[in-house]
Amino acid sequence: MKKINSSLYVHVPFCDHICSYCDFCKMFYDEKVVDNYLGCLFEELNNLNVSKLKTIYIGGGTPSCLSVDQLDRLLSKLNKYLDDDYEFSIEVNPESVCEDKIKLFRKYGINRVSIGVQSFDDGVLKLLNRKHNFEDVKNCVSLLSKYDINNYSMDFIYGIKGFKVDYLDKVFSLKPKHLSFYSLILEDNTLLKINNYEEEEQDKVREEYDYIYNELKKYGYNRYEVSNFCLKGYECKHNLVYWHNEEYYAIGAGASSYVNGVRYTSSKSITKYVKGIVNKEKEVADREKEEIMLRLRLDEGINLNDYKSIFNGDFLIKYERVVEELVSKGLVEIKDNCLKTTYEGMMLLDSVLIKLMWGGE
Amino acid sequence: MNKSLIRNFSIIAHIDHGKSTLADRIIEMCGAVEKREMKEQLLDNMDIERERGITIKLNSVQLEYKTKDGNTYIFHLIDTPGHVDFAYEVSRSLAACEGALLVVDATQGIEAQTIANVYLALDNNLEIIPVINKIDLPSADPNKVKQEIEDVIGLVSDHAPLISAKTGMGVEDVLEAIVKYVPSPSGKDENALQALIFDSYYDSYRGVIMQVRIKEGKVKVGDKIKLMSNGAIYEVIELGVRRPKEEKKDCLEAGEVGWIGASIKQVKDVHVGDTVTLADNPCKEPLPGYREMVPMVYSGIYPIDNAKYNDLKDALEKLKLNDDSIVFEPETSTALGFGFRCGFLGLLHMDVSEERIEREFNIPLIATAPSVIYHVYLTDGSMIEIENPSKLPDVQRISKIEEPVVKVSIMTPNDYVGPLMELCQKKRGSYVDLVYIDHNRMQLIYEIPLAEIVFDFFDKLKSSTKGYASFDYELAGYKEAKLVKMDILINGESLDALSIIVHKDFAYHRGNYICEKLKEIIPRQQFEVPIQACINNKAIARSTIKAMKKDVLAKCYGGDITRKKKLLEKQKEGKKRMKAVGSVEVPQEAFMAVLSVDDE
């Protein structure tokens, strides 16, 4: 059973300012470069021979920092590929999205907006080099509602030394359908790392996660992936494609795709990209390991029947010893014919994965 | 060959005083190597030597020098290792010479180690030519250094060439001085062969290659030779000199320095210091000074991957081909599996050997904290030697324990005498002497248990004197001490590889420190892990590693699955480098924790 590839990720690596934690592929906005970039993006897309797409995700960078005209070109181009029943997402920054841009969202069928909020604590926003505040987010949300885009998500960062997530009431007041809470990771070549910002202690990060998890649950936001929560039925379909280990296209500098069993990652160099040079690193997917790694990130876990039909074997027999150990330690459980992590197991997912993926070696 | 035109010499110097640079200049000026072929510090063959700026293995080179008066001389420059651990090898290479250059840094003066080597050279009746180096530096004080050479060593130094090995200034004077002061060799070709082995190395195609100095007689290709310490007989397949590339010859004569290949597969037959003679016309007596080398420091060496046990065995055997001073025998540890107890001449020797195994043979290792050899007297009146703390008998069976004590000589600027005395006291040292060298340098002499030197003495010495002090030590004997075995328990299981023998009065402090250190080093596990330091099954210190609370990539990686997987693979590799002790995964650094410096 091979699913038809019907998802596309579009990377827009431009920003008005650079966040101190970000190690994604990005550069400062420059009108000319963006124009060239869009040209190359369209060419890459044309070469893919895509017919209809169920999900499109425009990520960044900050896609909303493109000019109205540029957004118009990008969205109208992508709009042509939409299937009948689709999810069309775009990432925005609260301060760079204006009514004109939201009108375009509406016009070209964007039906899911992910707002990069990160925090409602001004101290944190300053630390992360973000330029907005609560009011900006509120305005953004009311504009989206005005144009009937009610499926919006917000991204937050927790686990920041010296700060606490103590603004969840504000979050709930904005009625997002979906929430992502990512823990701060100090990556190389980020401003935070360069400035030797200290990592928060593990116990405190965990405590904060527990708090967030429980509060969100109270308000009807159920976790469906390690860092992702939503009201019933509002899971991000595009991201589920990743976690279900399905294939997807991707265009743009630094973008990763999965086509015909091979994972590609484009070079991060934007200057090369706009010259039409696209170097892609290839790696043949290790389907079984990746299936375990990705599916277990989801609360639904690995469906043992699906596993059998894909890999022609019984998961519980193949991984008997490791599963037994993990069950006895209370890290995984078998429920509804699925192998799922327990709450504790999800928190220690990396050790669980290493056991399952390489424990037999 | 006209023996009066041969000069055999070594260079004695402290680390960084410019020995290798001077050797390079000499080789260059004698035209043995074209300038464009010159690699910095030609004699230092191994990467580790270049990186650490020290010479471990000996090399020799034959050079031709045309003097100002027009005669052409044959020079044999024999390199010496520059560290106290290799004192015996140094003494053998010195025994192969008639003279030595004593290189002293004009900005630093004489160091403890230099003195030790000068005395070795004097013991071998060498003519010593002081050479003052680095006189191009602004802080150079050649007159003061000359005075120091006269006062401290008692060598006349008014003819000492003043040079800069870096720029080449004055190096010609050194060459002329060698011709003028170093005696030519005295041996005769017609005498029975006496050749001193001062080094050997293993060549996988040709077997053991011996580096020799022909003292008396001569040796030809096809001769049957005998190694005198064990009577083994071989046929000479090839011989020659190094210039510095190998050059084959038919014959080596008295006074010459060269190499001999005789298809020797048994490396254990070739010992540095041994005498080679002819089987059918042997000399009456071997050359003096041969002795078996005695290891001073022992450490357990284990492959991280147990499957590499045989590779490690091969690696040790190959190392031993080139370095006879390493001893090893199989050992098992409940924590670390199968490995070897290895004996080394000293700390540096141990470090370098372990590094070579990891680097040249690509075998990741866990090495246990080094230990010395204890003399353990049992209640039944017998004495046993213990070099592995975990092998110490039950305390009821022990009547007393003696430990090796070394005489430590420290050269230091006056300012640091106070802190150094404090350090020596803390290391259970007893004061012997304090000698004034000049108005700002002193020589401090203490007797200190070797175990304390092995612990962290060198680091402490360097840090408390900003690196200005140098030290040297020699075995002074065995002394009784109140010593106990301290075991380390992780999650209730004793880790034999972490057991140490420690002085009773220091046990609590050390135990506490180790527990805290292990708590830092051992990553959190899925459960809480207690760590205890115990003496006679009684805990004297403890710490607790908290349970792991969060271990999940909770970051947005978008569709970059490859990166996510690579991060996991990296974590997995990290875990592979750990040893499972019961259900606890212990990283290799933990096994050195007992060694690390306590920062009070």
# chains A, B, ... in the order shown; residues from 1 in each chain; ligands from 1

$ closest_atom_pairs --of "chain A" --to "chain B" --cutoff "9 Å" --atoms "only C-alpha atoms" --output "tab-separated table"
residue	atom	partner	partner_atom	distance
A:Tyr9	CA	B:Gly559	CA	8.1
A:Phe24	CA	B:Tyr557	CA	8.8
A:Gly59	CA	B:Gly558	CA	8.6
A:Ser180	CA	B:Cys556	CA	8.9
A:Phe181	CA	B:Ala554	CA	8.2
A:Tyr182	CA	B:Lys555	CA	5.1
A:Ser183	CA	B:Ala554	CA	5.7
A:Leu184	CA	B:Lys555	CA	7.3
A:Ile185	CA	B:Lys555	CA	7.1
A:Gln202	CA	B:Lys550	CA	6.3
A:Asp203	CA	B:Lys549	CA	6.0
A:Val205	CA	B:Lys550	CA	7.7
A:Arg206	CA	B:Lys550	CA	5.9
A:Glu207	CA	B:Lys549	CA	8.8
A:Val226	CA	B:Ala554	CA	6.4
A:Ser227	CA	B:Ala554	CA	5.9
A:Asn239	CA	B:Gly558	CA	7.7
A:Tyr242	CA	B:Gly559	CA	6.1
A:Trp243	CA	B:Gly559	CA	8.9
A:Tyr248	CA	B:Gly559	CA	8.7
A:Ala250	CA	B:Gly559	CA	8.7
A:Ala255	CA	B:Asp560	CA	7.6
A:Ser256	CA	B:Asp560	CA	5.4
A:Ser257	CA	B:Gly559	CA	7.0
A:Tyr258	CA	B:Gly559	CA	8.7
A:Arg263	CA	B:Thr562	CA	7.3
A:Tyr264	CA	B:Thr562	CA	8.6
A:Thr265	CA	B:Asp560	CA	7.6
A:Glu283	CA	B:Thr562	CA	8.0
A:Ala285	CA	B:Thr562	CA	8.5
A:Lys289	CA	B:Lys565	CA	8.9
A:Glu290	CA	B:Lys565	CA	7.6
A:Met293	CA	B:Lys565	CA	7.8
A:Leu294	CA	B:Ile561	CA	8.3
A:Lys329	CA	B:Gln526	CA	8.7
A:Glu344	CA	B:Lys549	CA	8.2
A:Met346	CA	B:Val552	CA	7.4
A:Met347	CA	B:Lys550	CA	5.0
A:Leu348	CA	B:Asp551	CA	4.4
A:Leu349	CA	B:Val552	CA	5.1
A:Asp350	CA	B:Val552	CA	5.0
A:Ser351	CA	B:Asp551	CA	7.0
A:Leu353	CA	B:Leu568	CA	8.0
A:Ile354	CA	B:Lys572	CA	6.2
A:Lys355	CA	B:Lys572	CA	8.8
A:Trp358	CA	B:Lys572	CA	7.9

$ residues_around --residues "Val219 of chain B" --least-positions-apart "4" --cutoff "9 Å" --atoms "only C-alpha atoms" --output "tab-separated table (two decimals) with N, CA, C and O atoms, in the first residue's frame"
chain	number	residue	atom	x	y	z
B	193	LEU	N	83.68	-8.21	18.13
B	193	LEU	CA	82.56	-7.26	18.00
B	193	LEU	C	81.87	-7.00	19.35
B	193	LEU	O	81.53	-7.92	20.09
B	195	ALA	N	78.74	-4.39	20.04
B	195	ALA	CA	77.86	-3.31	19.56
B	195	ALA	C	76.76	-3.09	20.59
B	195	ALA	O	76.13	-4.04	21.05
B	214	ILE	N	78.72	0.64	17.21
B	214	ILE	CA	79.80	-0.34	17.22
B	214	ILE	C	80.90	0.19	18.14
B	214	ILE	O	81.52	1.22	17.83
B	223	ASP	N	77.17	-12.08	8.58
B	223	ASP	CA	77.73	-12.52	9.86
B	223	ASP	C	76.65	-13.15	10.73
B	223	ASP	O	75.49	-12.75	10.70
B	225	ILE	N	75.33	-13.22	14.30
B	225	ILE	CA	75.50	-12.39	15.50
B	225	ILE	C	74.79	-13.03	16.69
B	225	ILE	O	73.84	-13.79	16.53
B	236	VAL	N	72.95	-11.66	9.97
B	236	VAL	CA	72.73	-10.29	9.51
B	236	VAL	C	72.28	-10.31	8.05
B	236	VAL	O	72.99	-10.80	7.18
B	239	LEU	N	72.45	-4.18	6.75
B	239	LEU	CA	72.83	-3.18	7.73
B	239	LEU	C	73.14	-1.88	7.01
B	239	LEU	O	73.27	-1.86	5.78
B	250	ASP	N	77.80	-2.56	3.47
B	250	ASP	CA	78.24	-3.95	3.60
B	250	ASP	C	78.70	-4.25	5.01
B	250	ASP	O	78.68	-5.38	5.46
B	251	CYS	N	79.12	-3.19	5.70
B	251	CYS	CA	79.84	-3.42	6.93
B	251	CYS	C	79.74	-2.19	7.83
B	251	CYS	O	79.69	-1.06	7.35
B	252	LEU	N	79.64	-2.41	9.15
B	252	LEU	CA	79.72	-1.30	10.11
B	252	LEU	C	80.97	-1.53	10.95
B	252	LEU	O	81.19	-2.64	11.45
B	253	GLU	N	81.75	-0.46	11.13
B	253	GLU	CA	83.03	-0.62	11.83
B	253	GLU	C	83.02	0.10	13.17
B	253	GLU	O	82.15	0.93	13.42
B	254	ALA	N	84.00	-0.22	13.97
B	254	ALA	CA	84.13	0.39	15.30
B	254	ALA	C	84.01	1.91	15.19
B	254	ALA	O	84.61	2.53	14.31
B	277	THR	N	77.33	-9.34	19.64
B	277	THR	CA	78.69	-9.78	19.29
B	277	THR	C	78.59	-10.83	18.19
B	277	THR	O	77.49	-11.15	17.72
B	278	LEU	N	79.74	-11.34	17.73
B	278	LEU	CA	79.70	-12.35	16.69
B	278	LEU	C	79.60	-13.73	17.33
B	278	LEU	O	80.27	-14.01	18.33

$ atom_distance --atom1 "atom CA of Tyr152 of chain A" --atom2 "atom CA of Pro176 of chain A"
5.6 Å

$ residues_around --residues "segment 336-338 of chain A" --least-positions-apart "6" --cutoff "7 Å" --atoms "only C-alpha atoms" --output "VMD selection string"
chain A and resid 301 to 304

$ write_last_selection --atoms "N, CA and C atoms" --output "short mmCIF file (atom, residue, chain, number, x, y, z; two decimals), in the first residue's frame"
data_model
loop_
_atom_site.label_atom_id
_atom_site.label_comp_id
_atom_site.auth_asym_id
_atom_site.auth_seq_id
_atom_site.Cartn_x
_atom_site.Cartn_y
_atom_site.Cartn_z
N GLY A 301 0.93 6.43 18.97
CA GLY A 301 1.92 5.36 18.93
C GLY A 301 1.95 4.59 17.61
N ILE A 302 2.47 3.36 17.68
CA ILE A 302 2.61 2.53 16.48
C ILE A 302 1.45 1.55 16.43
N ASN A 303 0.67 1.64 15.37
CA ASN A 303 -0.41 0.70 15.20
C ASN A 303 0.17 -0.63 14.73
N LEU A 304 -0.03 -1.68 15.54
CA LEU A 304 0.65 -2.95 15.27
C LEU A 304 0.14 -3.63 13.99
#

$ residues_around --residues "Asp85 of chain A" --least-positions-apart "4" --cutoff "9 Å" --atoms "only C-alpha atoms" --output "list in words"
Leu53, Lys54 and Thr55 of chain A

$ write_last_selection --atoms "N, CA, C and O atoms" --output "PDB file, in the first residue's frame"
ATOM      1  N   LEU A  53      -2.394  18.668  -4.330  1.00  0.00           N
ATOM      2  CA  LEU A  53      -1.820  18.533  -2.993  1.00  0.00           C
ATOM      3  C   LEU A  53      -2.878  18.619  -1.909  1.00  0.00           C
ATOM      4  O   LEU A  53      -3.785  19.440  -1.975  1.00  0.00           O
ATOM      5  N   LYS A  54      -2.735  17.747  -0.935  1.00  0.00           N
ATOM      6  CA  LYS A  54      -3.668  17.764   0.203  1.00  0.00           C
ATOM      7  C   LYS A  54      -3.221  18.742   1.280  1.00  0.00           C
ATOM      8  O   LYS A  54      -4.039  19.311   1.992  1.00  0.00           O
ATOM      9  N   THR A  55      -1.876  18.841   1.446  1.00  0.00           N
ATOM     10  CA  THR A  55      -1.383  19.813   2.439  1.00  0.00           C
ATOM     11  C   THR A  55      -0.216  20.592   1.852  1.00  0.00           C
ATOM     12  O   THR A  55       0.642  20.059   1.155  1.00  0.00           O
TER      13      THR A  55
END

$ closest_atom_pairs --of "segment 166-187 of chain B" --to "segment 131-136 of chain B" --cutoff "10 Å" --atoms "only C-alpha atoms" --output "CSV"
residue,atom,partner,partner_atom,distance
B:Lys166,CA,B:Lys134,CA,7.5
B:Thr167,CA,B:Asp136,CA,8.4
B:Met169,CA,B:Asp136,CA,8.7
B:Gly170,CA,B:Asn133,CA,9.2
B:Val171,CA,B:Val131,CA,9.5
B:Asp173,CA,B:Val131,CA,9.7
B:Val174,CA,B:Val131,CA,7.5
B:Ala177,CA,B:Val131,CA,9.9

$ write_last_selection --atoms "N, CA and C atoms" --output "compact mmCIF listing (two decimals), in the first residue's frame"
# COMPACT_ATOMS: atom_id res chain seq x y z
N LYS B 166 66.97 28.83 16.15
CA LYS B 166 65.88 29.22 15.27
C LYS B 166 66.41 29.91 14.02
N THR B 167 67.30 30.89 14.22
CA THR B 167 67.79 31.64 13.06
C THR B 167 69.03 31.00 12.47
N MET B 169 71.96 31.32 13.86
CA MET B 169 73.10 32.09 14.33
C MET B 169 73.95 31.26 15.31
N GLY B 170 75.24 31.17 15.06
CA GLY B 170 76.16 30.50 15.99
C GLY B 170 76.20 28.99 15.86
N VAL B 171 75.36 28.42 14.99
CA VAL B 171 75.31 26.96 14.91
C VAL B 171 76.63 26.39 14.37
N ASP B 173 79.53 27.48 15.04
CA ASP B 173 80.44 27.37 16.20
C ASP B 173 80.20 26.06 16.93
N VAL B 174 78.95 25.65 16.99
CA VAL B 174 78.62 24.39 17.66
C VAL B 174 79.29 23.24 16.92
N ALA B 177 82.90 23.23 17.56
CA ALA B 177 83.17 22.80 18.93
C ALA B 177 83.07 21.28 19.05

$ select_by_dssp --residues "segment 105-345 of chain A" --states "strand (DSSP E or B)" --output "VMD selection string"
chain A and resid 112 to 118 152 to 158 178 to 183 222 to 225 228 to 230 248 to 251 256 to 259 262 to 266 280 to 284 298 302 to 303 332 to 335 338 to 341

$ residues_around --residues "Leu38 of chain A" --least-positions-apart "3" --cutoff "12 Å" --atoms "only C-alpha atoms" --output "PyMOL selection string"
chain A and resi 10-14+31-35+41-45+63+66-67+69-75+77-78+251-253+270+273-276

$ residues_around --residues "segment 59-63 of chain B" --least-positions-apart "4" --cutoff "7 Å" --atoms "only C-alpha atoms" --output "list in words"
Ile27, Cys30, Ala32, Leu43, Ile74, Phe75, His76, Leu77, Ile78, Asp79, Val241, Arg242, Arg243 and Pro244 of chain B

$ closest_residue --among "B:Ser20, B:Asn388, B:Thr465, B:Ser399" --to "Asp415 of chain B" --atoms "only C-alpha atoms"
B:Thr465

$ closest_residue --among "B:Ser543, B:Ser91, B:Asn306, B:Ser464" --to "Tyr119 of chain B" --atoms "only C-alpha atoms"
B:Ser91

$ atom_distance --atom1 "atom CA of Lys460 of chain B" --atom2 "atom CA of Ile445 of chain B"
16.4 Å

$ residues_around --residues "segment 103-118 of chain B" --least-positions-apart "6" --cutoff "6 Å" --atoms "only C-alpha atoms" --output "PDB file with C-alpha atoms, in the first residue's frame"
ATOM      1  CA  ALA B  13      68.028  19.789  26.821  1.00  0.00           C
ATOM      2  CA  HIS B  14      64.918  20.526  28.773  1.00  0.00           C
ATOM      3  CA  HIS B  17      64.882  24.662  25.216  1.00  0.00           C
ATOM      4  CA  VAL B 131      75.397  25.619  24.296  1.00  0.00           C
ATOM      5  CA  ILE B 132      73.416  28.730  25.182  1.00  0.00           C
ATOM      6  CA  ASN B 133      70.354  28.949  22.955  1.00  0.00           C
ATOM      7  CA  LYS B 134      67.744  31.593  22.185  1.00  0.00           C
ATOM      8  CA  ILE B 135      70.162  34.467  22.623  1.00  0.00           C
ATOM      9  CA  SER B 139      65.002  38.465  27.756  1.00  0.00           C
ATOM     10  CA  ALA B 140      68.088  36.326  27.102  1.00  0.00           C
ATOM     11  CA  ASP B 141      70.739  36.534  29.820  1.00  0.00           C
ATOM     12  CA  PRO B 142      73.603  34.358  28.566  1.00  0.00           C
ATOM     13  CA  VAL B 145      73.022  31.154  32.444  1.00  0.00           C
ATOM     14  CA  MET B 411      63.945  23.575  40.540  1.00  0.00           C
ATOM     15  CA  SER B 470      60.459  21.672  36.903  1.00  0.00           C
ATOM     16  CA  PHE B 471      60.862  18.402  38.732  1.00  0.00           C
ATOM     17  CA  ASP B 472      62.520  15.075  38.569  1.00  0.00           C
TER      18      ASP B 472
END

$ closest_residue --among "A:Glu324, A:Gly345, A:Val68, A:Glu199" --to "Glu187 of chain A" --atoms "only C-alpha atoms"
A:Glu199

$ atom_distance --atom1 "atom CA of Pro295 of chain B" --atom2 "atom CA of Ile357 of chain B"
18.3 Å
